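Below is my_file.cif, holding mmCIF, C-alpha atoms.
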```cif
data_entry
#
loop_
_atom_site.label_atom_id
_atom_site.label_comp_id
_atom_site.auth_asym_id
_atom_site.auth_seq_id
_atom_site.Cartn_x
_atom_site.Cartn_y
_atom_site.Cartn_z
CA MET U 876 0.00 0.00 0.00
CA LYS U 877 1.55 3.28 -1.11
CA ARG U 878 1.59 5.99 1.54
CA GLY U 879 2.31 9.66 1.16
CA ALA U 880 1.47 13.21 2.11
CA LEU U 881 -0.52 15.65 0.01
CA LEU U 882 -0.34 19.46 0.20
CA PHE U 883 -2.48 22.10 -1.50
CA ALA U 884 -0.58 25.29 -2.33
CA PHE U 885 -2.01 28.21 -4.28
CA ASN U 886 -0.27 31.56 -3.96
CA SER U 887 -2.33 34.53 -2.89
CA PRO U 888 -1.43 38.20 -3.35
CA LYS U 889 -0.27 38.18 0.28
CA PHE U 890 1.47 34.84 0.79
CA ASN U 891 3.60 32.46 -1.24
CA TYR U 892 1.92 29.19 -0.32
CA PHE U 893 4.11 27.20 -2.69
CA GLU U 894 7.21 28.21 -0.72
CA MET U 895 5.40 27.24 2.47
CA ALA U 896 4.60 23.86 0.89
CA GLU U 897 8.26 23.35 -0.04
CA TYR U 898 9.31 24.07 3.53
CA THR U 899 6.66 21.78 5.00
CA ALA U 900 7.45 19.05 2.47
CA LYS U 901 11.10 19.05 3.55
CA ARG U 902 10.04 18.50 7.14
CA ILE U 903 7.57 15.77 6.18
CA GLU U 904 10.28 13.97 4.27
CA HIS U 905 12.72 14.32 7.15
CA PHE U 906 10.47 13.42 10.08
CA LEU U 907 7.90 11.11 8.50
CA GLN U 908 9.99 9.65 5.65
CA LEU U 909 7.02 10.00 3.31
CA PRO U 910 6.87 11.09 -0.32
CA VAL U 911 5.06 14.39 -0.77
CA ALA U 912 2.79 15.42 -3.64
CA VAL U 913 1.57 18.96 -4.13
CA VAL U 914 -1.57 20.28 -5.78
CA THR U 915 -1.03 23.73 -7.22
CA ASP U 916 -1.70 25.96 -10.22
CA GLU U 917 0.48 27.22 -13.08
CA GLN U 918 0.82 30.67 -11.50
CA SER U 919 2.10 29.35 -8.17
CA LEU U 920 4.57 26.84 -9.57
CA PRO U 921 8.13 28.24 -9.73
CA GLU U 922 10.44 27.36 -12.62
CA ILE U 923 12.65 25.27 -10.38
CA PRO U 924 11.00 24.10 -7.15
CA LYS U 925 13.30 23.94 -4.13
CA PHE U 926 11.90 20.57 -3.11
CA ASN U 927 11.81 17.45 -5.22
CA PHE U 928 8.11 16.64 -4.94
CA ASP U 929 7.02 13.10 -5.65
CA ASP U 930 4.27 14.53 -7.84
CA ILE U 931 3.23 18.04 -8.86
CA ILE U 932 -0.44 18.11 -9.78
CA ILE U 933 -1.61 21.17 -11.67
CA VAL U 934 -5.26 22.17 -11.40
CA GLU U 935 -7.35 25.19 -12.28
CA PRO U 936 -7.75 27.17 -9.05
CA ASP U 937 -11.10 28.35 -7.73
CA THR U 938 -10.48 32.00 -6.94
CA SER U 939 -13.97 32.83 -5.71
CA ASN U 940 -13.11 32.94 -2.00
CA ILE U 941 -12.18 36.30 -0.50
CA ARG U 942 -10.74 36.86 2.98
CA ASP U 943 -9.35 40.12 4.36
CA HIS U 944 -10.08 41.82 1.01
CA THR U 945 -7.81 39.43 -0.87
CA ILE U 946 -8.15 36.17 -2.81
CA TRP U 947 -7.74 33.08 -0.65
CA ILE U 948 -7.60 29.90 -2.72
CA ASN U 949 -8.71 27.25 -0.29
CA LYS U 950 -11.59 25.79 -2.26
CA GLY U 951 -11.30 22.50 -4.11
CA ARG U 952 -9.92 20.46 -1.22
CA TYR U 953 -12.53 17.82 -2.09
CA GLN U 954 -10.35 16.92 -5.09
CA ALA U 955 -7.80 15.38 -2.71
CA TYR U 956 -9.39 11.96 -3.02
CA ASN U 957 -9.16 11.84 -6.82
CA LEU U 958 -5.85 13.67 -7.11
CA SER U 959 -3.87 11.82 -4.45
CA PRO U 960 -1.38 9.40 -6.01
CA TYR U 961 -1.36 7.36 -2.80
CA ASP U 962 -3.52 4.54 -1.42
CA GLU U 963 -3.18 6.06 2.03
CA THR U 964 -2.78 9.83 2.24
CA ILE U 965 -2.17 12.38 4.95
CA LEU U 966 -3.57 15.66 3.71
CA ILE U 967 -1.78 18.47 5.55
CA ASP U 968 -2.13 22.25 5.54
CA THR U 969 1.02 24.00 4.36
CA ASP U 970 1.22 25.97 7.62
CA TYR U 971 1.47 22.85 9.77
CA MET U 972 4.92 22.57 11.33
CA VAL U 973 6.06 18.95 11.43
CA ASN U 974 8.54 18.37 14.24
CA SER U 975 8.12 14.67 14.99
CA ASP U 976 7.06 11.34 13.52
CA LYS U 977 3.71 11.53 15.33
CA LEU U 978 1.65 11.68 12.14
CA ASN U 979 2.94 8.26 11.08
CA LYS U 980 0.77 6.90 13.87
CA LEU U 981 -2.26 7.84 11.76
CA PHE U 982 -1.48 4.91 9.46
CA GLU U 983 -1.86 2.53 12.40
CA LEU U 984 -5.36 3.72 13.27
CA PRO U 985 -8.05 1.21 12.33
CA THR U 986 -10.03 3.67 10.19
CA ASP U 987 -10.15 4.78 6.55
CA PHE U 988 -10.75 8.46 7.37
CA CYS U 989 -9.87 10.62 10.33
CA CYS U 990 -9.37 14.24 11.32
CA HIS U 991 -9.09 16.33 14.48
CA ASP U 992 -12.08 17.50 16.50
CA THR U 993 -10.20 18.97 19.47
CA THR U 994 -7.59 21.67 19.62
CA SER U 995 -5.26 22.95 22.28
CA PHE U 996 -3.76 26.41 22.05
CA LEU U 997 -0.16 26.77 23.15
CA MET U 998 0.03 28.98 26.28
CA ASN U 999 -3.71 29.55 26.19
CA PRO U 1000 -5.60 26.62 27.70
CA ALA U 1001 -8.74 28.69 28.32
CA VAL U 1002 -9.72 28.85 24.64
CA VAL U 1003 -13.00 26.99 24.17
CA GLN U 1004 -13.49 24.48 21.39
CA GLU U 1005 -14.85 26.08 18.25
CA VAL U 1006 -18.41 25.33 17.14
CA LEU U 1007 -20.07 26.15 13.80
CA SER U 1008 -22.59 28.18 15.77
CA VAL U 1009 -24.26 27.97 19.17
CA TYR U 1010 -26.98 25.86 17.55
CA SER U 1011 -24.65 23.57 15.68
CA PHE U 1012 -21.78 21.10 15.88
CA LYS U 1013 -18.30 21.19 17.28
CA THR U 1014 -15.91 22.09 14.45
CA LEU U 1015 -13.76 19.44 12.88
CA TRP U 1016 -10.38 20.52 11.55
CA ALA U 1017 -9.21 20.01 7.97
CA THR U 1018 -5.61 20.83 8.96
CA VAL U 1019 -4.61 17.16 9.08
CA VAL U 1020 -6.77 14.51 7.44
CA LYS U 1021 -5.84 10.90 6.85
CA PHE U 1022 -7.76 8.90 4.29
CA GLN U 1023 -7.57 5.69 2.34
CA LYS U 1024 -8.97 5.08 -1.11
CA THR U 1025 -12.17 3.43 0.04
CA GLU U 1026 -15.77 3.87 -1.03
CA ARG U 1027 -16.62 5.60 2.26
CA ALA U 1028 -13.73 8.07 2.01
CA LYS U 1029 -14.78 8.80 -1.58
CA GLN U 1030 -18.30 9.58 -0.36
CA ILE U 1031 -16.95 11.92 2.31
CA PHE U 1032 -15.01 13.90 -0.30
CA GLU U 1033 -18.04 13.94 -2.62
CA CYS U 1034 -20.06 15.35 0.27
CA LEU U 1035 -17.32 17.94 0.82
CA GLU U 1036 -17.74 19.04 -2.79
CA MET U 1037 -21.51 19.23 -2.34
CA VAL U 1038 -21.17 21.33 0.84
CA GLN U 1039 -18.63 23.65 -0.84
CA LYS U 1040 -20.99 24.23 -3.76
CA ASN U 1041 -23.91 24.96 -1.41
CA TYR U 1042 -21.98 26.69 1.33
CA GLU U 1043 -24.35 29.65 1.74
CA HIS U 1044 -27.26 27.27 2.17
CA TYR U 1045 -25.47 25.32 4.92
CA GLY U 1046 -24.46 28.62 6.49
CA ASN U 1047 -28.14 29.49 6.76
CA ILE U 1048 -29.08 26.13 8.23
CA HIS U 1049 -26.26 26.05 10.76
CA SER U 1050 -26.21 29.78 11.50
CA PHE U 1051 -22.65 30.53 10.50
CA ILE U 1052 -21.51 33.28 8.17
CA GLY U 1053 -21.22 31.74 4.73
CA GLY U 1054 -19.29 34.64 3.18
CA VAL U 1055 -15.81 33.21 3.60
CA TYR U 1056 -15.48 29.53 2.76
CA ARG U 1057 -13.78 27.44 5.40
CA ASN U 1058 -12.69 23.86 4.82
CA ASP U 1059 -13.08 23.12 8.52
CA TYR U 1060 -16.77 23.93 8.48
CA ALA U 1061 -17.36 22.12 5.20
CA LEU U 1062 -15.59 19.04 6.53
CA THR U 1063 -17.62 19.12 9.74
CA LEU U 1064 -20.84 18.99 7.75
CA ALA U 1065 -19.63 16.58 5.05
CA LEU U 1066 -18.42 13.97 7.50
CA ARG U 1067 -21.68 14.02 9.42
CA ILE U 1068 -23.74 13.73 6.24
CA ALA U 1069 -21.61 10.86 4.91
CA ASN U 1070 -22.00 9.09 8.26
CA GLY U 1071 -25.79 9.28 8.09
CA HIS U 1072 -26.01 12.46 10.20
CA THR U 1073 -24.17 10.92 13.10
CA SER U 1074 -20.62 11.13 14.35
CA ILE U 1075 -18.33 8.13 14.51
CA LYS U 1076 -15.68 8.09 17.20
CA SER U 1077 -13.09 6.34 15.05
CA ASP U 1078 -13.14 9.25 12.58
CA ILE U 1079 -11.43 11.41 15.17
CA ILE U 1080 -7.67 11.57 15.60
CA PRO U 1081 -7.08 10.56 19.24
CA TRP U 1082 -4.94 13.53 20.19
CA ASN U 1083 -5.31 17.29 20.09
CA LEU U 1084 -4.40 19.55 17.22
CA VAL U 1085 -1.93 22.04 18.67
CA HIS U 1086 -2.56 25.60 17.51
CA VAL U 1087 -0.47 28.71 17.82
CA GLY U 1088 -3.27 31.22 18.21
CA LYS U 1089 -3.96 34.88 18.92
CA ASN U 1090 -1.51 36.93 20.98
CA THR U 1091 0.98 34.09 20.62
CA SER U 1092 4.11 33.98 18.55
CA ILE U 1093 6.61 31.25 18.10
CA LEU U 1094 10.37 31.65 17.71
CA LYS U 1095 12.99 29.19 16.63
CA ASP U 1096 15.31 28.12 19.43
CA HIS U 1097 17.64 26.06 17.26
CA ASP U 1098 20.15 26.65 14.50
CA ASP U 1099 20.00 23.49 12.45
CA GLU U 1100 17.52 23.03 9.60
CA PHE U 1101 15.52 20.30 11.29
CA GLY U 1102 15.75 21.48 14.87
CA THR U 1103 12.59 21.08 16.92
CA GLN U 1104 13.00 23.43 19.86
CA TYR U 1105 10.94 26.61 19.96
CA VAL U 1106 10.09 29.40 22.36
CA VAL U 1107 6.41 30.28 22.58
CA MET U 1108 5.75 33.91 23.56
CA TYR U 1109 2.34 34.91 24.80
CA ASP U 1110 0.87 38.32 25.55
CA ASN U 1111 -1.28 37.72 28.59
CA TRP U 1112 -3.70 40.63 28.93
CA LYS U 1113 -4.63 41.33 32.54
CA ARG U 1114 -6.44 44.46 33.71
CA GLY U 1115 -5.51 46.35 30.55
CA LYS U 1116 -1.82 45.45 30.81
CA ILE U 1117 0.22 42.95 28.87
CA ARG U 1118 2.30 40.47 30.80
CA LYS U 1119 4.76 38.65 28.55
CA GLU U 1120 4.96 34.94 29.25
CA TYR U 1121 6.84 32.18 27.54
CA CYS U 1122 7.44 28.47 27.51
CA THR U 1123 9.66 26.19 25.47
CA ILE U 1124 8.56 23.23 23.40
CA LYS U 1125 10.38 20.55 21.50
CA ASP U 1126 9.47 17.63 19.20
CA THR U 1127 5.93 19.00 19.02
CA ASP U 1128 3.93 19.46 15.81
CA PHE U 1129 1.85 22.61 15.67
CA HIS U 1130 -0.41 24.57 13.36
CA VAL U 1131 0.52 28.22 12.97
CA MET U 1132 -2.65 30.24 12.45
CA ASN U 1133 -0.72 33.44 11.91
CA LYS U 1134 0.80 33.03 8.43
CA GLU U 1135 3.27 35.90 8.97
CA ASN U 1136 4.69 33.97 11.91
CA PHE U 1137 5.03 30.84 9.80
CA VAL U 1138 6.88 32.80 7.09
CA GLU U 1139 9.22 34.18 9.79
CA LEU U 1140 9.99 30.65 10.96
CA MET U 1141 10.78 29.63 7.38
CA SER U 1142 13.18 32.46 6.84
CA GLU U 1143 14.97 32.66 10.19
CA MET C 194 18.18 38.77 18.25
CA ASP C 195 18.52 35.38 19.93
CA THR C 196 15.67 34.06 22.03
CA LYS C 197 17.48 34.43 25.38
CA THR C 198 18.08 38.14 24.78
CA LEU C 199 14.52 38.60 23.62
CA ILE C 200 13.16 36.92 26.75
CA ALA C 201 15.41 39.07 28.95
CA GLU C 202 14.55 42.32 27.17
CA THR C 203 10.80 41.73 27.20
CA LYS C 204 11.00 40.58 30.84
CA ALA C 205 8.93 37.56 29.90
CA ARG C 206 8.09 35.12 32.66
CA PHE C 207 8.38 31.40 32.24
CA ASN C 208 4.91 29.88 32.51
CA HIS C 209 5.12 26.53 34.29
CA ASN C 210 1.46 25.69 33.94
CA SER C 211 1.52 26.10 30.16
CA SER C 212 4.63 23.97 29.91
CA LYS C 213 3.06 21.31 32.07
CA ALA C 214 -0.12 21.30 29.98
CA GLN C 215 1.89 21.14 26.79
CA LEU C 216 3.87 18.16 28.09
CA ARG C 217 0.64 16.36 28.95
CA ASP C 218 -0.66 16.96 25.43
CA LYS C 219 2.57 15.74 23.92
CA TYR C 220 2.87 12.56 25.94
CA ASP C 221 -0.82 11.68 25.98
CA SER C 222 -0.57 11.02 22.26
CA LYS C 223 2.50 8.85 22.78
CA LEU C 224 0.47 6.54 25.02
CA ILE C 225 -1.88 5.61 22.18
CA VAL C 226 -1.42 2.19 20.66
CA ALA C 227 -3.26 0.43 17.84
CA ASP C 228 -3.13 -3.34 18.25
CA GLN C 229 -5.28 -6.39 17.48
CA GLY C 230 -7.95 -4.35 15.73
CA GLY C 231 -8.51 -1.85 18.56
CA LEU C 232 -7.10 1.43 19.74
CA TRP C 233 -5.71 1.52 23.29
CA ARG C 234 -4.24 3.90 25.79
CA ALA C 235 -1.23 2.57 27.63
CA ASP C 236 -2.51 3.98 30.91
CA GLN C 237 -2.44 2.71 34.46
CA GLN C 238 -6.04 1.51 34.37
CA THR C 239 -5.74 -0.63 31.24
CA ILE C 240 -2.41 -2.10 32.30
CA SER C 241 -3.79 -2.92 35.77
CA PHE C 242 -6.89 -4.56 34.29
CA LEU C 243 -4.89 -6.70 31.89
CA SER C 244 -2.49 -7.67 34.70
CA ALA C 245 -5.36 -8.64 36.98
CA MET C 246 -7.00 -10.96 34.46
CA ASP C 247 -5.60 -14.45 33.96
CA ASP C 248 -7.33 -15.68 30.80
CA ASN C 249 -5.38 -15.86 27.55
CA PHE C 250 -8.05 -13.96 25.69
CA VAL C 251 -10.11 -11.15 27.17
CA ILE C 252 -12.68 -8.77 25.77
CA LEU C 253 -12.22 -5.14 26.60
CA MET C 254 -13.55 -1.81 25.35
CA ASP C 255 -11.12 0.13 23.24
CA THR C 256 -10.95 3.92 23.08
CA PHE C 257 -13.54 3.94 20.28
CA ASP C 258 -15.95 2.19 22.70
CA ASN C 259 -15.87 -1.04 20.69
CA PRO C 260 -15.54 -4.40 22.47
CA VAL C 261 -12.46 -6.17 21.12
CA GLN C 262 -11.21 -9.65 21.92
CA VAL C 263 -7.49 -9.55 22.49
CA ASN C 264 -4.59 -11.77 23.33
CA ARG C 265 -4.02 -10.47 26.84
CA ASP C 266 -0.31 -11.22 27.16
CA LYS C 267 0.53 -9.72 23.80
CA LEU C 268 -1.36 -6.50 24.45
CA LEU C 269 -0.02 -6.22 27.99
CA ILE C 270 3.58 -6.44 26.79
CA ILE C 271 2.99 -3.74 24.18
CA LEU C 272 1.16 -1.42 26.58
CA LYS C 273 3.77 -1.80 29.33
CA ASP C 274 6.56 -1.12 26.87
CA THR C 275 4.77 1.97 25.47
CA TYR C 276 3.94 3.23 28.96
CA ASN C 277 7.50 2.85 30.23
CA LYS C 278 9.07 4.56 27.23
CA ALA C 279 6.64 7.49 27.18
CA MET C 280 6.65 8.02 30.94
CA LEU C 281 10.44 7.92 31.13
CA GLU C 282 10.70 10.65 28.46
CA TRP C 283 7.91 12.62 30.15
CA TYR C 284 9.66 12.37 33.50
CA LYS C 285 12.98 13.57 32.04
CA GLU C 286 11.36 16.59 30.43
CA TRP C 287 9.40 17.29 33.59
CA LYS C 288 12.59 17.30 35.69
CA GLU C 289 14.19 19.76 33.25
CA LEU C 290 11.09 21.92 33.45
CA GLU C 291 11.08 21.96 37.23
CA GLN C 292 14.52 23.54 37.25
CA LYS C 293 13.42 26.48 35.06
CA ARG C 294 12.52 29.75 36.65
#
```
As C-alpha cells - that is how I would like this structure written.
Amino acid sequence: MKRGALLFAFNSPKFNYFEMAEYTAKRIEHFLQLPVAVVTDEQSLPEIPKFNFDDIIIVEPDTSNIRDHTIWINKGRYQAYNLSPYDETILIDTDYMVNSDKLNKLFELPTDFCCHDTTSFLMNPAVVQEVLSVYSFKTLWATVVKFQKTERAKQIFECLEMVQKNYEHYGNIHSFIGGVYRNDYALTLALRIANGHTSIKSDIIPWNLVHVGKNTSILKDHDDEFGTQYVVMYDNWKRGKIRKEYCTIKDTDFHVMNKENFVELMSE
Amino acid sequence: MDTKTLIAETKARFNHNSSKAQLRDKYDSKLIVADQGGLWRADQQTISFLSAMDDNFVILMDTFDNPVQVNRDKLLIILKDTYNKAMLEWYKEWKELEQKR
C-alpha cells in the first residue's frame, strides 16, 4: 500500500503558499519519511521548485473565495481523493509545522478516514473548542486529514464538494456566516452527512491539534535546519496590561494560524 | 536577536502551567497504541486490568468504545513497553522543566 502526504498550495497576493509547501514538504520527508505530492496551479509553480516533490499536480484554481479583502484559494480540497497518487494519504495544511514522527501513527489507526475534532492552544488553555454556531456542531479541523482510497472516504469527499458548492445554504441552516469559505466547516458537515447524520468516534484523531493562536508567537530556538526546539511567547492581557509569558517546546507538531509567523519561521 | 536576549529584554516570565499542559498533550498522544484491531491507551487503568486478568483472551472496550477480543499477554507487553518509554521521556522533560525559573 503506497503511503504519502498531500499538500495544497495556491499563492495569494499576500502569501507564497508554494514556498510554504516546499518548507513543510522538507520536514515531512525528514520526520515522516514520506513522499510528498503537491496540488497547485500554473501561477504558483516556480520554474525550479526547491523541493523534489514526488508529484506536482496542476489544477485550475477556484479564486472565488475572498478573505481580508484578498483572494484566498482554499476551495477545491474535495479533489484530494481523486488527485492523491497514494492509497493512504495524509492531507496536511502547508502551515502545519512537522517536528516529529507523530503523524505516522495515523497509518496505524483502524479507520479509513480521520481528522481532528479537538484543539489545544499553546500557552492559552482557556480557549474553548470552536463550534459552527451555538446551535450547531463542534468544528472538525481540515488541517490534518488521513484517508484511504475506500468507497466511504470517496463519499466523504463527494459530500465535501456538495457542501462547498452549497456553502451559503449550509451557512443558513447552521447559522454561521457563509461569506468566507472554510474547509473546517465544510468538513464538519460533510463527514456528518456521509455518516448518516451521526458522528463516529473512530473518525477522530485521538490527540489534540496544537494551535499557535492569537496573541501568541513562536520563535525558533535552534540553528539546524531540522531542529525542533521553539520558544512560545504569549501576551497575557490582565487588567488592561500585557504580561509577557513564555514556555519552550520541542518535538511538538503545531499549526501556525498566523501566516506571517510561519513565514518568519521559514526564513529565520 | 537570539531568544534568550529577547526573553530578557521583554522581561517575559516562564509559565510553568503552560509547559506542564503542553507536556501532557505531547505525551498523551504517545500513550496511544493500535493493536489487534482496537485502539488503546497505555494507561495505568488498562495495564492494571490486563495484569489482573488471567485468561489468555479477554474482551475489553477500546478507546472507540468497541468491544475487542485480544490476546491479553501480547497487548499487555505492548502497553507496558509503550507506557515505560513514554513516561520515562515525560519524566525527564518534567525534571528539566522543574529547574526552570
Could the residues of chain C within 9 Å of chain U, counting only C-alpha atoms, be given as a compact mmCIF listing (two decimals) with C-alpha atoms, in the frame of the given file, please?
```txt
# COMPACT_ATOMS: atom_id res chain seq x y z
CA ASP C 195 18.52 35.38 19.93
CA THR C 196 15.67 34.06 22.03
CA LYS C 197 17.48 34.43 25.38
CA ILE C 200 13.16 36.92 26.75
CA THR C 203 10.80 41.73 27.20
CA LYS C 204 11.00 40.58 30.84
CA ALA C 205 8.93 37.56 29.90
CA ARG C 206 8.09 35.12 32.66
CA PHE C 207 8.38 31.40 32.24
CA ASN C 208 4.91 29.88 32.51
CA HIS C 209 5.12 26.53 34.29
CA ASN C 210 1.46 25.69 33.94
CA SER C 211 1.52 26.10 30.16
CA SER C 212 4.63 23.97 29.91
CA ALA C 214 -0.12 21.30 29.98
CA GLN C 215 1.89 21.14 26.79
CA LEU C 216 3.87 18.16 28.09
CA ASP C 218 -0.66 16.96 25.43
CA LYS C 219 2.57 15.74 23.92
CA ASP C 221 -0.82 11.68 25.98
CA SER C 222 -0.57 11.02 22.26
CA LYS C 223 2.50 8.85 22.78
CA ILE C 225 -1.88 5.61 22.18
CA VAL C 226 -1.42 2.19 20.66
CA ALA C 227 -3.26 0.43 17.84
CA ASP C 228 -3.13 -3.34 18.25
CA GLY C 230 -7.95 -4.35 15.73
CA GLY C 231 -8.51 -1.85 18.56
CA LEU C 232 -7.10 1.43 19.74
CA THR C 256 -10.95 3.92 23.08
CA PHE C 257 -13.54 3.94 20.28
CA ASP C 258 -15.95 2.19 22.70
```
Item to complete: Output the residue selection produced by the PyMOL selection byres ((chain C and resi 268-276) around 10) on the file above, formatted as a list in words.
Response: Tyr220, Lys223, Leu224, Ile225, Val226, Ala227, Asp228, Gln229, Trp233, Arg234, Ala235, Asp236, Gln237, Thr239, Ile240, Ser241, Phe242, Leu243, Ser244, Val263, Asn264, Arg265, Asp266, Lys267, Asn277, Lys278, Ala279, Met280 and Leu281 of chain C
Worksheet item: Once you count only C-alpha atoms, which residues end up no further than 10 Å from (-14.6, 30.3, -1.2) in the file's frame, shown as a PyMOL selection string?
Response: chain U and resi 937-942+946-951+1039-1040+1042+1053-1058
Worksheet item: For the file shown, what are the residues hit by the PyMOL selection byres ((chain U and resi 1013) around 9), laid out as a list of chain:residue names?
Response: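 Given this file, the PyMOL selection byres ((chain U and resi 1013) around 9) evaluates to U:Asp992, U:Thr993, U:Gln1004, U:Glu1005, U:Val1006, U:Leu1007, U:Ser1008, U:Ser1011, U:Phe1012, U:Thr1014, U:Leu1015, U:Thr1063.
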Practice prompt. Would you translate the PyMOL selection byres ((chain U and resi 1028-1033) around 9) into the concrete set of residues it matches in this file, as a list of chain:residue names?
Written response: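 For this structure, the PyMOL selection byres ((chain U and resi 1028-1033) around 9) captures U:Arg952, U:Tyr953, U:Gln954, U:Ala955, U:Tyr956, U:Asn957, U:Asp987, U:Phe988, U:Phe1022, U:Gln1023, U:Lys1024, U:Thr1025, U:Glu1026, U:Arg1027, U:Cys1034, U:Leu1035, U:Glu1036, U:Met1037, U:Val1038, U:Leu1062, U:Ala1065, U:Leu1066, U:Arg1067, U:Ile1068, U:Ala1069, U:Asn1070.
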Worksheet item: In Å to one decimal, how far is atom CA of U:Ala884 from atom CA of U:Glu897?
Response: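 Computed distance, atom CA of U:Glu897 to atom CA of U:Ala884, equals 9.3 Å.
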Worksheet item: Between atom CA of U:Thr1018 and atom CA of U:Asp976, what is the spacing in Å?
Response: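 That distance, rounded to one decimal, is 16.5 Å.
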Worksheet entry | Residue contacts of U:Ala880 (7 Å, all atoms listed in the file) excluding same-chain residues fewer than 3 positions away, as a ChimeraX atom specification | /U:909-912,964-966
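In this model, the gap between atom CA of U:His944 and atom CA of U:Val1019 comes to 26.5 Å.
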Discussion item. Can you pull out the residues contacting U:Thr969? Cut-off 8 Å, using all atoms listed in the file, and skip same-chain residues under 3 positions away; I want them as a ChimeraX atom specification.
Written reply: /U:882-884,892,895-896,899
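Nearest residue to U:His1130, choosing from U:Asp970, U:Asn1111, U:Val1020, U:Lys1089 and counting all atoms listed in the file: U:Asp970.
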Would you mind completing stretch 914-926 of chain U so that it carries N, CA and C atoms, and writing it out as a PDB file, keeping the file's coordinate frame?
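Resulting contents of out32.pdb:
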```pdb
ATOM      1  N   VAL U 914      -0.557  19.826  -4.824  1.00  0.00           N
ATOM      2  CA  VAL U 914      -1.570  20.280  -5.780  1.00  0.00           C
ATOM      3  C   VAL U 914      -1.438  21.792  -5.867  1.00  0.00           C
ATOM      4  N   THR U 915      -1.247  22.292  -7.062  1.00  0.00           N
ATOM      5  CA  THR U 915      -1.030  23.730  -7.220  1.00  0.00           C
ATOM      6  C   THR U 915      -1.561  24.194  -8.580  1.00  0.00           C
ATOM      7  N   ASP U 916      -1.294  25.454  -8.906  1.00  0.00           N
ATOM      8  CA  ASP U 916      -1.700  25.960 -10.220  1.00  0.00           C
ATOM      9  C   ASP U 916      -0.471  26.496 -10.965  1.00  0.00           C
ATOM     10  N   GLU U 917      -0.636  26.766 -12.241  1.00  0.00           N
ATOM     11  CA  GLU U 917       0.480  27.220 -13.080  1.00  0.00           C
ATOM     12  C   GLU U 917       1.128  28.475 -12.504  1.00  0.00           C
ATOM     13  N   GLN U 918       0.307  29.385 -11.989  1.00  0.00           N
ATOM     14  CA  GLN U 918       0.820  30.670 -11.500  1.00  0.00           C
ATOM     15  C   GLN U 918       1.695  30.500 -10.251  1.00  0.00           C
ATOM     16  N   SER U 919       1.366  29.521  -9.428  1.00  0.00           N
ATOM     17  CA  SER U 919       2.100  29.350  -8.170  1.00  0.00           C
ATOM     18  C   SER U 919       3.401  28.564  -8.354  1.00  0.00           C
ATOM     19  N   LEU U 920       3.428  27.737  -9.380  1.00  0.00           N
ATOM     20  CA  LEU U 920       4.570  26.840  -9.570  1.00  0.00           C
ATOM     21  C   LEU U 920       5.811  27.614 -10.044  1.00  0.00           C
ATOM     22  N   PRO U 921       6.914  27.559  -9.270  1.00  0.00           N
ATOM     23  CA  PRO U 921       8.130  28.240  -9.730  1.00  0.00           C
ATOM     24  C   PRO U 921       8.810  27.434 -10.836  1.00  0.00           C
ATOM     25  N   GLU U 922       9.745  28.071 -11.538  1.00  0.00           N
ATOM     26  CA  GLU U 922      10.440  27.360 -12.620  1.00  0.00           C
ATOM     27  C   GLU U 922      11.193  26.153 -12.092  1.00  0.00           C
ATOM     28  N   ILE U 923      11.915  26.392 -10.992  1.00  0.00           N
ATOM     29  CA  ILE U 923      12.650  25.270 -10.380  1.00  0.00           C
ATOM     30  C   ILE U 923      12.256  25.178  -8.910  1.00  0.00           C
ATOM     31  N   PRO U 924      11.379  24.228  -8.565  1.00  0.00           N
ATOM     32  CA  PRO U 924      11.000  24.100  -7.150  1.00  0.00           C
ATOM     33  C   PRO U 924      12.204  23.719  -6.287  1.00  0.00           C
ATOM     34  N   LYS U 925      12.176  24.212  -5.033  1.00  0.00           N
ATOM     35  CA  LYS U 925      13.300  23.940  -4.130  1.00  0.00           C
ATOM     36  C   LYS U 925      13.221  22.544  -3.520  1.00  0.00           C
ATOM     37  N   PHE U 926      12.070  21.919  -3.667  1.00  0.00           N
ATOM     38  CA  PHE U 926      11.900  20.570  -3.110  1.00  0.00           C
ATOM     39  C   PHE U 926      11.525  19.629  -4.255  1.00  0.00           C
TER      40      PHE U 926
END
```
